[in-house]
Amino acid sequence: MTSPTRVLVLNSGSSSVKYQLLDMGDGSRLAAGLVERIGESGSRLVHTPLARGGERRERTAPMADHTAALGAVAEELATDGLGLDSPDLAAVGHRVVHGGLRFSAPTVVTDEVLAEVERLVPVAPLHNPANITGIRTAMALRPDLPQVAVFDTAFHTTMPEYAARYAIDVETADAHRIRRYGFHGTSHAYVSRETARLLGKDPSEVNVIVLHLGNGASASAVAGGRCVDTSMGLTPLEGLVMGTRSGDVDPAVTFHLRRVAGMSVDEIDTLLNKKSGLVGLCGDNDMREIRRRIDEGDERARLAFDIYVHRLKKYIGAYCAVLGRVDAVAFTAGVGENAAPVREAAMAGLEQLGLAVDPELNAVRSGEPRLISPEGARVAVAVVPTDEELEIARQTYSLVSN
Ligand SMILES: Nc1ncnc2c1ncn2[C@@H]1O[C@H](COP(=O)(O)OP(=O)(O)O)[C@@H](O)[C@H]1O
Ligand SMILES: CC(=O)OP(=O)(O)O
Ligand SMILES: [Mg+2]
């Protein structure tokens, strides 16, 4: 009998689940889908069977939690004869956002691993609980199958101590494991490698700044394939301006909100994580909507955009300094891949750093990795679509097939 080669990947977010079924034997994608607005009114599942040219299917039944959503995903897969009971499945790969210091590589989930992921819930409250539900649901359906955790933090464990430590009292920091962990690592790893490939180079030869701009957003400095700095910290709140998160603020803002504005710690947490960023600045977190409003002359949308881009520029400048020599800047994720005006504005005025975009190349819409810098530019500027699911499947399969 040949060994099973299929991997189901679950990428559970705070209110969504993205999933893909891949065959690592022949590299084919058999199914892909997304459940959105879990726990809100109007939950929606979109399922696309890719193997036999099947039709895209949609469900709009309410899904109260991740358990309900994953049940619906399992049903859709079963409808195509691709259910979790299939003997062709080699493993389920799970995105786990926070792995703390302990996990620097993909790991087969045991009770003990789950307990550690659970312990880290306070530092990834929007993400780790959803990841745990995904793992438990898949385990209940297929207790015999390896469940593999692929951690967002893993790629960043190579950061030097001087980039990972906050300048706070060492004993206090160590007692509470307070340090910069970084997130979106699976994407930063994949995109930095794909960028090297686009340049026709080995990852060990190039220094890349990766800008992962999705709903959550982070930047990283990758030197010769290793992460040397990243913008997220103890939690995914630090760094860039995001859809609903503030990114960097003076920590004293929180004391002020507590002491002077009389807010509770939970209220401040919600404010900074869910009511800030683009949504807090202008009421919208979708870059498409913000661009539409700007085109209509909306001043609040314009200011939100300018704040977003200003922060992005500061990190680009900082990582040019951190890396010394930069070979490429790569834009990725929903905003990075699709929003040409963000790319243009982020690169504007950075000619001294060797950075520029060619307006015609920047306007091209494509799902392929591509250069957008002018011909002969000193630094390549690229759009490199991320594929966290493929990267999770690769890491999962390489662990269980060895
Ligand atoms: N065509 C587009 N133009 C501009 N922005 C877009 C476009 N498509 C998606 N986006 C942005 O991408 C975001 C989602 O990015 P994504 O990487 O899917 O995020 P996440 O994985 O965090 O849910 C949306 O909120 C929106 O701001
Ligand atoms: C870690 C993180 O911010 O993830 P996401 O962008 O999926 O919210
Ligand atoms: Mg994402």
# chains A, B, ... in the order shown; residues from 1 in each chain; ligands from 1

call {"tool": "residues_around", "arguments": {"residues": "Leu198 in chain A", "least_positions_apart": "6", "cutoff": "12 Å", "atoms": "only C-alpha atoms", "output": "list in words"}}
result
Val191, Ser192, Val206, Val208, Asp327, Ala328, Val329, Ala330, Glu368, Pro369, Arg370, Leu371, Ile372, Ala380, Val381, Ala382, Val383, Val384 and Pro385 of chain A

call {"tool": "residues_near_ligand", "arguments": {"ligand": "ligand 3", "cutoff": "8 Å", "atoms": "only C-alpha atoms and all ligand atoms", "output": "short mmCIF file (atom, residue, chain, number, x, y, z; two decimals) with C-alpha atoms, in the first residue's frame"}}
result
data_model
loop_
_atom_site.label_atom_id
_atom_site.label_comp_id
_atom_site.auth_asym_id
_atom_site.auth_seq_id
_atom_site.Cartn_x
_atom_site.Cartn_y
_atom_site.Cartn_z
CA GLY A 13 -8.61 33.27 12.59
CA HIS A 184 2.82 35.99 10.44
CA GLY A 214 -3.63 42.02 5.59
CA ASN A 215 -6.18 42.74 8.27
CA GLY A 216 -3.35 42.14 10.71
CA ALA A 333 -1.36 39.77 1.79
#

call {"tool": "residues_near_ligand", "arguments": {"ligand": "ligand 1", "cutoff": "10 Å", "atoms": "only C-alpha atoms and all ligand atoms", "output": "PDB file with C-alpha atoms, in the first residue's frame"}}
result
ATOM      1  CA  ASN A  11      -6.051  28.472   9.217  1.00  0.00           C
ATOM      2  CA  SER A  12      -8.437  29.537  11.978  1.00  0.00           C
ATOM      3  CA  GLY A  13      -8.609  33.271  12.592  1.00  0.00           C
ATOM      4  CA  SER A  14     -10.530  35.244  15.177  1.00  0.00           C
ATOM      5  CA  SER A  15     -13.753  35.221  13.132  1.00  0.00           C
ATOM      6  CA  SER A  16     -12.837  33.148  10.098  1.00  0.00           C
ATOM      7  CA  VAL A  17     -11.490  29.806   8.962  1.00  0.00           C
ATOM      8  CA  LYS A  18      -9.526  29.431   5.736  1.00  0.00           C
ATOM      9  CA  GLU A  36     -16.355  34.297   7.406  1.00  0.00           C
ATOM     10  CA  HIS A 184       2.821  35.989  10.435  1.00  0.00           C
ATOM     11  CA  HIS A 212       2.609  41.519   5.127  1.00  0.00           C
ATOM     12  CA  LEU A 213      -0.370  43.875   4.909  1.00  0.00           C
ATOM     13  CA  GLY A 214      -3.631  42.023   5.594  1.00  0.00           C
ATOM     14  CA  ASN A 215      -6.184  42.741   8.273  1.00  0.00           C
ATOM     15  CA  GLY A 216      -3.354  42.139  10.709  1.00  0.00           C
ATOM     16  CA  ALA A 217      -0.140  43.643   9.325  1.00  0.00           C
ATOM     17  CA  MET A 242      -3.760  47.560  10.981  1.00  0.00           C
ATOM     18  CA  GLY A 243      -7.418  47.090  10.094  1.00  0.00           C
ATOM     19  CA  THR A 244      -8.630  47.326  13.694  1.00  0.00           C
ATOM     20  CA  LEU A 278      -8.057  52.112  10.189  1.00  0.00           C
ATOM     21  CA  ASP A 284     -13.723  51.449   7.750  1.00  0.00           C
ATOM     22  CA  ASN A 285     -11.056  48.757   7.840  1.00  0.00           C
ATOM     23  CA  ASP A 286     -11.298  47.668   4.235  1.00  0.00           C
ATOM     24  CA  MET A 287      -8.725  49.405   2.045  1.00  0.00           C
ATOM     25  CA  ARG A 288     -11.062  49.192  -0.981  1.00  0.00           C
ATOM     26  CA  GLU A 289     -13.710  51.211   0.853  1.00  0.00           C
ATOM     27  CA  ILE A 290     -11.117  53.706   2.124  1.00  0.00           C
ATOM     28  CA  ARG A 291      -9.812  54.307  -1.405  1.00  0.00           C
ATOM     29  CA  ARG A 292     -13.366  54.779  -2.669  1.00  0.00           C
ATOM     30  CA  THR A 332       2.075  40.717   0.301  1.00  0.00           C
ATOM     31  CA  ALA A 333      -1.364  39.774   1.788  1.00  0.00           C
ATOM     32  CA  GLY A 334      -4.750  41.377   0.976  1.00  0.00           C
ATOM     33  CA  VAL A 335      -3.647  45.027   0.993  1.00  0.00           C
ATOM     34  CA  GLY A 336      -0.052  44.446  -0.164  1.00  0.00           C
ATOM     35  CA  GLU A 337      -1.118  42.295  -3.125  1.00  0.00           C
ATOM     36  CA  ASN A 338      -4.078  44.390  -4.246  1.00  0.00           C
ATOM     37  CA  ALA A 339      -3.743  48.018  -3.197  1.00  0.00           C
ATOM     38  CA  ALA A 340      -1.492  49.720  -5.765  1.00  0.00           C
ATOM     39  CA  PRO A 341      -2.016  53.179  -4.142  1.00  0.00           C
ATOM     40  CA  VAL A 342      -0.600  51.877  -0.829  1.00  0.00           C
ATOM     41  CA  ARG A 365      -3.314  43.112 -11.541  1.00  0.00           C
ATOM     42  CA  PRO A 385       1.350  36.720  -3.141  1.00  0.00           C
ATOM     43  CA  THR A 386       1.538  34.806   0.118  1.00  0.00           C
ATOM     44  CA  ASP A 387       0.276  31.250   0.517  1.00  0.00           C
ATOM     45  CA  GLU A 388       0.219  30.386   4.209  1.00  0.00           C
TER      46      GLU A 388
END

call {"tool": "residues_around", "arguments": {"residues": "Tyr319 in chain A", "least_positions_apart": "2", "cutoff": "8 Å", "atoms": "only C-alpha atoms", "output": "list in words"}}
result
Ile209, Ser220, Ala221, Asp229, Tyr315, Ile316, Gly317, Ala321, Val322 and Leu323 of chain A

call {"tool": "residues_around", "arguments": {"residues": "Glu76 in chain A", "least_positions_apart": "5", "cutoff": "12 Å", "atoms": "only C-alpha atoms", "output": "PyMOL selection string"}}
result
chain A and resi 19-21+31-35+45-49+56-59+69-71+81-84

call {"tool": "decode", "arguments": {"residues": "range 82-226 of chain A", "atoms": "C-alpha atoms", "output": "PDB file, in the first residue's frame"}}
result
ATOM      1  CA  LEU A  82     -12.878  14.353   0.301  1.00  0.00           C
ATOM      2  CA  GLY A  83     -14.063  13.971   3.913  1.00  0.00           C
ATOM      3  CA  LEU A  84     -11.907  13.653   6.994  1.00  0.00           C
ATOM      4  CA  ASP A  85     -12.625   9.901   7.013  1.00  0.00           C
ATOM      5  CA  SER A  86     -10.562   9.524   3.804  1.00  0.00           C
ATOM      6  CA  PRO A  87      -7.691   6.991   4.024  1.00  0.00           C
ATOM      7  CA  ASP A  88      -5.731   9.304   1.693  1.00  0.00           C
ATOM      8  CA  LEU A  89      -5.246  11.906   4.440  1.00  0.00           C
ATOM      9  CA  ALA A  90      -1.721  11.944   5.889  1.00  0.00           C
ATOM     10  CA  ALA A  91      -2.255  14.712   8.445  1.00  0.00           C
ATOM     11  CA  VAL A  92      -4.072  17.902   9.329  1.00  0.00           C
ATOM     12  CA  GLY A  93      -1.874  21.010   9.480  1.00  0.00           C
ATOM     13  CA  HIS A  94      -2.997  23.858  11.742  1.00  0.00           C
ATOM     14  CA  ARG A  95      -1.891  27.477  11.827  1.00  0.00           C
ATOM     15  CA  VAL A  96      -1.172  28.298  15.468  1.00  0.00           C
ATOM     16  CA  VAL A  97      -0.477  31.966  16.016  1.00  0.00           C
ATOM     17  CA  HIS A  98       1.470  32.028  19.300  1.00  0.00           C
ATOM     18  CA  GLY A  99       4.021  29.327  20.093  1.00  0.00           C
ATOM     19  CA  GLY A 100       6.015  31.329  22.648  1.00  0.00           C
ATOM     20  CA  LEU A 101       9.703  30.479  22.924  1.00  0.00           C
ATOM     21  CA  ARG A 102       9.274  26.755  22.915  1.00  0.00           C
ATOM     22  CA  PHE A 103       8.221  26.021  19.329  1.00  0.00           C
ATOM     23  CA  SER A 104      10.652  26.920  16.566  1.00  0.00           C
ATOM     24  CA  ALA A 105       9.525  24.145  14.199  1.00  0.00           C
ATOM     25  CA  PRO A 106       6.315  22.362  13.161  1.00  0.00           C
ATOM     26  CA  THR A 107       5.195  20.058  15.964  1.00  0.00           C
ATOM     27  CA  VAL A 108       2.878  17.049  16.216  1.00  0.00           C
ATOM     28  CA  VAL A 109       0.151  18.067  18.670  1.00  0.00           C
ATOM     29  CA  THR A 110      -0.006  16.100  21.918  1.00  0.00           C
ATOM     30  CA  ASP A 111      -2.009  16.921  25.072  1.00  0.00           C
ATOM     31  CA  GLU A 112       1.099  18.578  26.410  1.00  0.00           C
ATOM     32  CA  VAL A 113       1.558  20.746  23.289  1.00  0.00           C
ATOM     33  CA  LEU A 114      -2.116  21.748  23.477  1.00  0.00           C
ATOM     34  CA  ALA A 115      -1.669  22.730  27.123  1.00  0.00           C
ATOM     35  CA  GLU A 116       1.231  25.021  26.152  1.00  0.00           C
ATOM     36  CA  VAL A 117      -0.811  26.639  23.329  1.00  0.00           C
ATOM     37  CA  GLU A 118      -3.594  27.123  25.884  1.00  0.00           C
ATOM     38  CA  ARG A 119      -1.173  28.760  28.346  1.00  0.00           C
ATOM     39  CA  LEU A 120      -0.355  31.319  25.636  1.00  0.00           C
ATOM     40  CA  VAL A 121      -3.998  32.431  25.153  1.00  0.00           C
ATOM     41  CA  PRO A 122      -3.492  35.663  27.166  1.00  0.00           C
ATOM     42  CA  VAL A 123      -0.847  36.821  24.647  1.00  0.00           C
ATOM     43  CA  ALA A 124      -2.915  35.883  21.545  1.00  0.00           C
ATOM     44  CA  PRO A 125      -6.490  36.214  22.765  1.00  0.00           C
ATOM     45  CA  LEU A 126      -7.978  36.768  19.290  1.00  0.00           C
ATOM     46  CA  HIS A 127      -6.149  33.830  17.700  1.00  0.00           C
ATOM     47  CA  ASN A 128      -4.980  30.935  19.918  1.00  0.00           C
ATOM     48  CA  PRO A 129      -8.498  29.991  21.148  1.00  0.00           C
ATOM     49  CA  ALA A 130      -9.676  29.576  17.544  1.00  0.00           C
ATOM     50  CA  ASN A 131      -6.562  27.541  16.706  1.00  0.00           C
ATOM     51  CA  ILE A 132      -7.207  25.260  19.697  1.00  0.00           C
ATOM     52  CA  THR A 133     -10.837  24.699  18.635  1.00  0.00           C
ATOM     53  CA  GLY A 134      -9.630  23.757  15.145  1.00  0.00           C
ATOM     54  CA  ILE A 135      -7.200  21.212  16.552  1.00  0.00           C
ATOM     55  CA  ARG A 136      -9.732  19.703  18.987  1.00  0.00           C
ATOM     56  CA  THR A 137     -12.435  19.432  16.302  1.00  0.00           C
ATOM     57  CA  ALA A 138     -10.117  17.689  13.834  1.00  0.00           C
ATOM     58  CA  MET A 139      -8.815  15.398  16.605  1.00  0.00           C
ATOM     59  CA  ALA A 140     -12.350  14.367  17.541  1.00  0.00           C
ATOM     60  CA  LEU A 141     -13.137  13.509  13.904  1.00  0.00           C
ATOM     61  CA  ARG A 142      -9.876  11.636  13.263  1.00  0.00           C
ATOM     62  CA  PRO A 143      -8.127  10.662  16.523  1.00  0.00           C
ATOM     63  CA  ASP A 144      -5.719   8.402  14.606  1.00  0.00           C
ATOM     64  CA  LEU A 145      -4.386  11.175  12.347  1.00  0.00           C
ATOM     65  CA  PRO A 146      -1.345  13.341  13.172  1.00  0.00           C
ATOM     66  CA  GLN A 147      -2.393  16.924  13.903  1.00  0.00           C
ATOM     67  CA  VAL A 148       0.531  19.243  13.199  1.00  0.00           C
ATOM     68  CA  ALA A 149       0.862  22.767  14.589  1.00  0.00           C
ATOM     69  CA  VAL A 150       2.740  25.302  12.438  1.00  0.00           C
ATOM     70  CA  PHE A 151       3.477  28.401  14.496  1.00  0.00           C
ATOM     71  CA  ASP A 152       3.388  32.046  13.329  1.00  0.00           C
ATOM     72  CA  THR A 153       6.171  32.756  15.823  1.00  0.00           C
ATOM     73  CA  ALA A 154       8.567  30.016  14.615  1.00  0.00           C
ATOM     74  CA  PHE A 155      10.300  31.949  11.814  1.00  0.00           C
ATOM     75  CA  HIS A 156      11.101  34.796  14.203  1.00  0.00           C
ATOM     76  CA  THR A 157      12.943  32.696  16.787  1.00  0.00           C
ATOM     77  CA  THR A 158      16.170  33.514  14.909  1.00  0.00           C
ATOM     78  CA  MET A 159      15.910  37.210  15.879  1.00  0.00           C
ATOM     79  CA  PRO A 160      19.015  38.337  17.751  1.00  0.00           C
ATOM     80  CA  GLU A 161      18.528  38.981  21.454  1.00  0.00           C
ATOM     81  CA  TYR A 162      18.977  42.750  20.971  1.00  0.00           C
ATOM     82  CA  ALA A 163      15.982  42.814  18.607  1.00  0.00           C
ATOM     83  CA  ALA A 164      13.819  40.447  20.648  1.00  0.00           C
ATOM     84  CA  ARG A 165      14.254  42.099  24.073  1.00  0.00           C
ATOM     85  CA  TYR A 166      12.303  45.096  25.307  1.00  0.00           C
ATOM     86  CA  ALA A 167      14.375  47.548  27.326  1.00  0.00           C
ATOM     87  CA  ILE A 168      12.550  46.809  30.571  1.00  0.00           C
ATOM     88  CA  ASP A 169      13.801  45.304  33.819  1.00  0.00           C
ATOM     89  CA  VAL A 170      15.332  41.947  32.882  1.00  0.00           C
ATOM     90  CA  GLU A 171      14.092  39.998  35.942  1.00  0.00           C
ATOM     91  CA  THR A 172      10.504  41.156  35.468  1.00  0.00           C
ATOM     92  CA  ALA A 173      10.605  40.464  31.739  1.00  0.00           C
ATOM     93  CA  ASP A 174      12.051  36.987  32.197  1.00  0.00           C
ATOM     94  CA  ALA A 175       9.693  36.057  35.025  1.00  0.00           C
ATOM     95  CA  HIS A 176       6.729  36.756  32.753  1.00  0.00           C
ATOM     96  CA  ARG A 177       8.353  35.761  29.430  1.00  0.00           C
ATOM     97  CA  ILE A 178       7.841  39.276  28.120  1.00  0.00           C
ATOM     98  CA  ARG A 179       9.770  39.696  24.869  1.00  0.00           C
ATOM     99  CA  ARG A 180       9.151  40.257  21.168  1.00  0.00           C
ATOM    100  CA  TYR A 181       7.964  37.062  19.481  1.00  0.00           C
ATOM    101  CA  GLY A 182       6.658  38.317  16.116  1.00  0.00           C
ATOM    102  CA  PHE A 183       3.837  36.810  14.035  1.00  0.00           C
ATOM    103  CA  HIS A 184       2.821  35.989  10.435  1.00  0.00           C
ATOM    104  CA  GLY A 185       6.111  34.057  10.355  1.00  0.00           C
ATOM    105  CA  THR A 186       4.833  31.382   7.969  1.00  0.00           C
ATOM    106  CA  SER A 187       4.008  34.144   5.487  1.00  0.00           C
ATOM    107  CA  HIS A 188       7.290  36.038   6.025  1.00  0.00           C
ATOM    108  CA  ALA A 189       9.232  32.782   5.478  1.00  0.00           C
ATOM    109  CA  TYR A 190       7.304  31.831   2.337  1.00  0.00           C
ATOM    110  CA  VAL A 191       7.346  35.317   0.792  1.00  0.00           C
ATOM    111  CA  SER A 192      11.038  35.962   1.481  1.00  0.00           C
ATOM    112  CA  ARG A 193      11.898  32.662  -0.225  1.00  0.00           C
ATOM    113  CA  GLU A 194       9.584  33.365  -3.186  1.00  0.00           C
ATOM    114  CA  THR A 195      11.150  36.817  -3.541  1.00  0.00           C
ATOM    115  CA  ALA A 196      14.620  35.266  -3.781  1.00  0.00           C
ATOM    116  CA  ARG A 197      13.266  32.900  -6.410  1.00  0.00           C
ATOM    117  CA  LEU A 198      11.800  35.829  -8.378  1.00  0.00           C
ATOM    118  CA  LEU A 199      15.288  37.406  -8.371  1.00  0.00           C
ATOM    119  CA  GLY A 200      16.814  34.115  -9.504  1.00  0.00           C
ATOM    120  CA  LYS A 201      18.868  33.867  -6.305  1.00  0.00           C
ATOM    121  CA  ASP A 202      19.196  31.500  -3.372  1.00  0.00           C
ATOM    122  CA  PRO A 203      17.475  32.797  -0.178  1.00  0.00           C
ATOM    123  CA  SER A 204      20.863  32.725   1.588  1.00  0.00           C
ATOM    124  CA  GLU A 205      22.141  35.386  -0.846  1.00  0.00           C
ATOM    125  CA  VAL A 206      19.469  38.054  -0.414  1.00  0.00           C
ATOM    126  CA  ASN A 207      18.258  40.569   2.165  1.00  0.00           C
ATOM    127  CA  VAL A 208      14.528  41.221   1.945  1.00  0.00           C
ATOM    128  CA  ILE A 209      12.041  43.501   3.695  1.00  0.00           C
ATOM    129  CA  VAL A 210       8.676  41.707   3.722  1.00  0.00           C
ATOM    130  CA  LEU A 211       5.538  43.810   4.215  1.00  0.00           C
ATOM    131  CA  HIS A 212       2.609  41.519   5.127  1.00  0.00           C
ATOM    132  CA  LEU A 213      -0.370  43.875   4.909  1.00  0.00           C
ATOM    133  CA  GLY A 214      -3.631  42.023   5.594  1.00  0.00           C
ATOM    134  CA  ASN A 215      -6.184  42.741   8.273  1.00  0.00           C
ATOM    135  CA  GLY A 216      -3.354  42.139  10.709  1.00  0.00           C
ATOM    136  CA  ALA A 217      -0.140  43.643   9.325  1.00  0.00           C
ATOM    137  CA  SER A 218       3.552  43.223  10.032  1.00  0.00           C
ATOM    138  CA  ALA A 219       6.940  43.984   8.506  1.00  0.00           C
ATOM    139  CA  SER A 220      10.061  41.888   8.788  1.00  0.00           C
ATOM    140  CA  ALA A 221      13.740  42.190   7.949  1.00  0.00           C
ATOM    141  CA  VAL A 222      15.079  38.920   6.544  1.00  0.00           C
ATOM    142  CA  ALA A 223      18.851  38.570   6.051  1.00  0.00           C
ATOM    143  CA  GLY A 224      20.011  35.585   4.019  1.00  0.00           C
ATOM    144  CA  GLY A 225      16.805  33.671   4.783  1.00  0.00           C
ATOM    145  CA  ARG A 226      16.798  34.373   8.535  1.00  0.00           C
TER     146      ARG A 226
END
